[in-house]
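Visitor: Okay, here's the structure, questions in a sec.
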Amino acid sequence: MAIEVQHLLGAWRLVSWSLVYADGRPPEFPLGEDAQGIIMYSPDGHVSATIMRKLRTAAASATPSEAAGAHAESFAYAGRYALREGAVHHSIEIATNPALIGITTTRHIHLEGDTLALAGPDFAAASPRTQRIVWRRAPAST
């Protein structure tokens with residue numbers, strides 16, 4: 001099945017985010033195996049993604065050091081997306097990590113029912129690993 005924009009539209013909740021190595025070593029989970037996140041695709045070509053470690057210190061009661069750690073355990077970006085040849089390309093316009101601004105990621109799409117798997121090179125160009133991000137379509141609110 002060819003992936004079309006309407007297949008991506010809406011909100012998706014994170015199932016897992018892992019870094020997979022070609023040499024067979026075990027995958028890493030940068031924000032834990034129970035990380036949480038949401039990605040949203042709009043009909044007009046915008047994308048927004050936020051991922052965070054599940055258990056973080058509440059900022060209101062955190063020391064400055066704890067607050068900095070909590071911010072380091074999450075990231076977000078937004079920009080535009082385009083579909084080409086079975087992949088979605090995210091052109092990052094704003095991000096919690098300024099190094100990502102201006103980067104276009106390539107994520108190959110595997111869609112099965114309400115599960116969307118995106119896989120592609122890690123942000124670090126010299127990295128020998130691939131990001132694998134699995135999402136499940138968020139239910140409509142009632």
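Identifiers in the structure tokens: chain A, B, ... in order shown; residue index from 1 per chain; ligand index from 1 in order shown.
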What are the DSSP strand (DSSP E) residues of chain A, as a VMD selection string?

Guide: chain A and resid 10 to 21 36 to 41 46 to 52 74 to 84 87 to 95 104 to 112 115 to 121 129 to 137

Visitor: Just want the 6 Å neighbourhood of Tyr41 of chain A, counted on only C-alpha atoms, with same-chain residues fewer than 3 positions away dropped. Output as number ranges by chain.

Guide: A: 9-10, 46-47

Visitor: Please save C-alpha atoms of the selected residues as a short mmCIF file (atom, residue, chain, number, x, y, z; two decimals), in the first residue's frame.

Guide:
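Generated file (result.cif):
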data_model
loop_
_atom_site.label_atom_id
_atom_site.label_comp_id
_atom_site.auth_asym_id
_atom_site.auth_seq_id
_atom_site.Cartn_x
_atom_site.Cartn_y
_atom_site.Cartn_z
CA LEU A 9 -3.00 12.92 9.72
CA GLY A 10 -3.86 13.43 13.35
CA HIS A 46 2.97 20.79 9.67
CA VAL A 47 4.44 18.29 12.12
#

Visitor: Identify, on the basis of only C-alpha atoms, every residue whose closest approach to segment 131-142 of chain A does not exceed 8 Å; exclude the query and any residue fewer than 3 positions from it along the same chain; express the result as a CSV table (one decimal) with N, CA and C atoms, in the first residue's frame.

Guide:
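Result written to around-v3.csv:
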chain,number,residue,atom,x,y,z
A,10,GLY,N,-3.4,13.6,12.0
A,10,GLY,CA,-3.9,13.4,13.3
A,10,GLY,C,-2.7,13.2,14.4
A,11,ALA,N,-3.1,12.7,15.5
A,11,ALA,CA,-2.2,12.6,16.6
A,11,ALA,C,-1.9,11.1,16.9
A,12,TRP,N,-0.6,10.9,17.2
A,12,TRP,CA,-0.1,9.5,17.5
A,12,TRP,C,0.6,9.6,18.8
A,13,ARG,N,0.4,8.5,19.7
A,13,ARG,CA,1.1,8.4,21.0
A,13,ARG,C,2.3,7.4,20.8
A,14,LEU,N,3.3,7.8,21.5
A,14,LEU,CA,4.6,7.0,21.5
A,14,LEU,C,4.4,5.6,22.1
A,15,VAL,N,4.8,4.6,21.4
A,15,VAL,CA,4.9,3.2,21.9
A,15,VAL,C,6.4,3.0,22.4
A,16,SER,N,7.3,3.3,21.5
A,16,SER,CA,8.7,3.2,21.9
A,16,SER,C,9.6,4.0,21.0
A,17,TRP,N,10.7,4.4,21.6
A,17,TRP,CA,11.8,5.1,20.8
A,17,TRP,C,13.1,4.4,21.1
A,18,SER,N,13.7,3.9,20.1
A,18,SER,CA,15.0,3.1,20.3
A,18,SER,C,16.0,3.5,19.3
A,19,LEU,N,17.3,3.3,19.7
A,19,LEU,CA,18.4,3.4,18.8
A,19,LEU,C,18.9,2.0,18.5
A,20,VAL,N,18.9,1.7,17.2
A,20,VAL,CA,19.2,0.3,16.8
A,20,VAL,C,20.5,0.3,16.1
A,114,ASP,N,-3.3,0.6,13.3
A,114,ASP,CA,-3.1,1.9,14.0
A,114,ASP,C,-1.7,2.0,14.5
A,115,THR,N,-0.8,1.3,14.0
A,115,THR,CA,0.6,1.4,14.4
A,115,THR,C,1.5,1.9,13.3
A,116,LEU,N,2.2,3.0,13.6
A,116,LEU,CA,3.1,3.7,12.7
A,116,LEU,C,4.5,3.5,13.2
A,117,ALA,N,5.4,2.9,12.4
A,117,ALA,CA,6.8,2.8,12.7
A,117,ALA,C,7.6,3.7,11.8
A,118,LEU,N,8.4,4.5,12.3
A,118,LEU,CA,9.3,5.4,11.6
A,118,LEU,C,10.7,5.0,11.9
A,119,ALA,N,11.5,4.9,10.8
A,119,ALA,CA,12.9,4.5,11.0
A,119,ALA,C,13.8,5.2,10.1
A,120,GLY,N,14.9,5.6,10.6
A,120,GLY,CA,15.9,6.3,9.7
A,120,GLY,C,17.1,6.7,10.5
A,121,PRO,N,18.1,7.3,9.8
A,121,PRO,CA,19.3,7.7,10.4
A,121,PRO,C,19.2,8.5,11.7
A,122,ASP,N,20.1,8.3,12.6
A,122,ASP,CA,20.1,9.1,13.8
A,122,ASP,C,20.5,10.5,13.4

Visitor: Using only C-alpha atoms, which of the listed residues (A:His7, A:Leu55, A:Ile94, A:Ala72) sits closest to Pro43 of chain A?

Guide: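 Closest candidate: A:His7.
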
Visitor: Name the closest residue to Gly86 of chain A among the candidates A:Thr63, A:Ile38, A:His110, A:Gly102; distances are taken between atoms, counting only C-alpha atoms.

Guide: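 Using only C-alpha atoms, the shortest distance to Gly86 of chain A belongs to A:His110.
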
Visitor: One decimal, Å: what's the distance from atom CA of Leu83 of chain A over to atom CA of Gly113 of chain A, could you say?

Guide: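 A separation of 18.7 Å between them.
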
Visitor: Which is closer to Glu4 of chain A than all the others in A:Thr96, A:Gly79, A:Arg84, A:Ile101, using only C-alpha atoms?

Guide: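 Selected residue with least distance to Glu4 of chain A: A:Arg84.
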
Visitor: Interatomic distance between atom CA of Gln36 of chain A and atom CA of Glu112 of chain A?

Guide: 20.5 Å

Visitor: Do you have the atom CA of Thr130 of chain A-atom CA of Ala22 of chain A distance handy?

Guide: 7.9 Å
